[in-house]
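Q: Here you go, one structure.
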Amino acid sequence: MWIKLLIILLTAEFSSAQSNVFNTSGIDFYYGSTLNDFLHYHISEVSTILFHPAYDHNKKTIFYIYGFREYRTINTVKKIISAYQHRGDHNILLLDWEQIANGNYILNAFPNTFEFGEILAEVLIKMTFDGLNLRNLHVVSHSLGSQLAGSLGRNIIKKTSGQLRLKRITALDPAFPLFYPPLFGQHLNANDAEMVDVIHTDGWIYGAPFSTGTVDFWPNGGKVLYQPGCTRNFQILSDGDLCPHWRSVRFYAESVINKYEPVFQARKCDSWNNFKKGYCKSNNDFVSMGIDTPSYARGDYYLQTNNVNPF
């Protein structure tokens, strides 16, 4: 396992052109019902999104941040965007940071999350002066994107001396390598927003194996190589290899689509082993995993899913 992670960290492509990489970023605003109905705004002009006639200030806004070596048209991103389009009650924003989240993980992508988190915090703070309501903003993020979301949340708090704070960060299997333990930089934590809900599906490999939010969900145990329906392919970064890591996205997207019927009921428990053995059956503390997770939920919750959609 550790040899595999080391190979990933050391062999990913190195990008030496870092000086202007942050200028490649922007935000996509999805204004229609298809994946082609979007406008791209450079990071320096994203406040103009708020003045687009299709941006509804009375709706909540989803701000999705994808992960390491991902991009706008990858299936995981399309699943999230399509789910919210189907739901129809959110403004949809996508952070386009493909070049920043790429390259060598150690030398580029990992350190970029901290520097870009500061830049992105300044962007969102400016947007609040132009009409963005942070109370209506929900940051949903995957993998390395979840660590960027944490950096974003911390920097908003720091730069406004606590006057502004993200309301909610949903972290879908936040990236594990180099973030835990926090020897080289702070990882996503429960203080980065008022609510930080985390869905763990690939702990100890690509995803964090530790509780790191205000509430942490562990579907099917959440770690150690296994998610039902995934046959682990040890070709590094292949679809089979990433299946458990991506499963968090599929779970969350399914919760979004089920607008009128909350899904993924999870039970509070102190471990997966105790959950499986039935030691927590007397605990009637159930909450929904996904978009409908209540803000009051605290601690660790477990559930078992199906191996195919619907999960």
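The chains in the structure tokens are called A, B, ... from first to last as shown; in each chain the residues are counted from 1, and the ligands are counted from 1 in the order shown.
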I'd like a table as a tab-separated table: residues in segment 193-283 of chain A with an atom no more than 9 Å from segment 161-183 of chain A, each row giving the shortest atom pair and its distance in Å to one decimal, only C-alpha atoms counted, sorted by chain and rising residue number.

A:
```
residue	atom	partner	partner_atom	distance
A:Ala193	CA	A:Leu166	CA	4.8
A:Glu194	CA	A:Lys167	CA	5.0
A:Met195	CA	A:Arg168	CA	4.7
A:Val196	CA	A:Ile169	CA	4.9
A:Asp197	CA	A:Thr170	CA	4.9
A:Val198	CA	A:Ala171	CA	4.7
A:Ile199	CA	A:Leu172	CA	5.1
A:His200	CA	A:Asp173	CA	4.7
A:Thr201	CA	A:Asp173	CA	6.0
A:Asp202	CA	A:Asp173	CA	6.7
A:Gly203	CA	A:Phe176	CA	7.6
A:Trp204	CA	A:Phe176	CA	7.0
A:Ile205	CA	A:Phe176	CA	7.1
A:Tyr206	CA	A:Phe176	CA	5.6
A:Gly207	CA	A:Phe176	CA	4.7
A:Ala208	CA	A:Phe176	CA	4.3
A:Pro209	CA	A:Phe176	CA	7.3
A:Phe210	CA	A:Tyr180	CA	8.2
A:Gly213	CA	A:Ala171	CA	8.5
A:Gly222	CA	A:Asp173	CA	8.9
A:His245	CA	A:Asp173	CA	6.4
A:Trp246	CA	A:Asp173	CA	8.1
A:Arg247	CA	A:Asp173	CA	8.8
A:Ser248	CA	A:Leu172	CA	5.4
A:Val249	CA	A:Leu172	CA	6.3
A:Tyr252	CA	A:Leu172	CA	7.9
```

Q: So that I can see what lies close to segment 86-88 of chain A, please list as number ranges by chain the residues with an atom at most 7 Å from it, counting only C-alpha atoms and leaving out residues fewer than 3 positions away in the same chain.

A: A: 82-83, 256-257, 259

Q: Any idea what's packed within 8 Å of Phe114 of chain A, counting only C-alpha atoms, ignoring anything in its chain fewer than 3 positions away? Could you give it as a list in words?

A: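 The contact residues come out as Phe110, Pro111, Gly117, Glu118, Leu148, Ser151 and Gly185 of chain A.
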
Q: For the residues selected in the previous step, produce a file with C-alpha atoms as a short mmCIF file (atom, residue, chain, number, x, y, z; two decimals), in the first residue's frame.

A:
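Contents of result15.cif, freshly written:
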```cif
data_model
loop_
_atom_site.label_atom_id
_atom_site.label_comp_id
_atom_site.auth_asym_id
_atom_site.auth_seq_id
_atom_site.Cartn_x
_atom_site.Cartn_y
_atom_site.Cartn_z
CA PHE A 110 0.04 19.50 -2.79
CA PRO A 111 1.65 22.90 -2.11
CA GLY A 117 -6.62 28.55 -0.97
CA GLU A 118 -5.48 32.06 -0.02
CA LEU A 148 -8.41 23.06 -1.06
CA SER A 151 -7.70 25.90 2.97
CA GLY A 185 0.52 21.72 6.11
#
```

Q: Write out as number ranges by chain the residues lying within 7 Å of Tyr41 of chain A, counting only C-alpha atoms and excluding same-chain residues fewer than 6 positions away.

A: A: 26-28

Q: Ranking A:Phe311, A:Phe22, A:Tyr301, A:Phe38 by minimum distance to Gln85 of chain A and counting only C-alpha atoms, which one comes first?

A: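 With only C-alpha atoms as the atom set, the closest residue is A:Phe38.
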
Q: Apply DSSP to the structure's backbone, then extract all residues of segment 64-191 of chain A labelled strand (DSSP E or B) and return them as a list in words.

A: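 Secondary structure check on segment 64-191 of chain A, strand (DSSP E or B): Tyr64, Ile65, His90, Asn91, Ile92, Leu93, Leu94, Leu95, Asp96, Leu137, His138, Val139, Val140, Ser141, His142, Arg168, Ile169, Thr170, Ala171, Leu172 and Ala175 of chain A.
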
Q: Go ahead and dump the residues you just picked, C-alpha atoms, as a CSV table (one decimal), in the first residue's frame.

A:
```csv
chain,number,residue,atom,x,y,z
A,64,TYR,CA,-18.0,22.1,-6.6
A,65,ILE,CA,-14.2,21.6,-6.4
A,90,HIS,CA,-29.4,25.5,-6.8
A,91,ASN,CA,-27.1,27.8,-8.7
A,92,ILE,CA,-24.2,25.7,-9.9
A,93,LEU,CA,-20.6,26.8,-9.9
A,94,LEU,CA,-17.6,24.7,-10.7
A,95,LEU,CA,-14.0,25.6,-9.9
A,96,ASP,CA,-11.8,25.1,-13.0
A,137,LEU,CA,-23.1,28.8,-0.4
A,138,HIS,CA,-22.4,25.1,-0.1
A,139,VAL,CA,-18.9,24.0,-1.0
A,140,VAL,CA,-18.8,20.4,-2.2
A,141,SER,CA,-15.4,18.9,-2.9
A,142,HIS,CA,-13.6,15.7,-3.8
A,168,ARG,CA,-20.9,24.2,4.9
A,169,ILE,CA,-18.1,22.1,3.3
A,170,THR,CA,-18.9,18.6,2.1
A,171,ALA,CA,-15.8,16.6,1.6
A,172,LEU,CA,-16.0,13.5,-0.6
A,175,ALA,CA,-7.0,13.4,-0.1
```

Q: Using only C-alpha atoms, which of the listed residues (A:Val21, A:Val308, A:Leu120, A:Ala109) sits closest to Gly67 of chain A?

A: A:Ala109

Q: So that I can see what lies close to Pro310 of chain A, please list as a list in words the residues with an atom at most 10 Å from it, counting only C-alpha atoms and leaving out residues fewer than 3 positions away in the same chain.

A: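 The residues satisfying every condition are Arg250, Phe251, Glu254, Ser255, Val263, Thr305, Asn306 and Asn307 of chain A.
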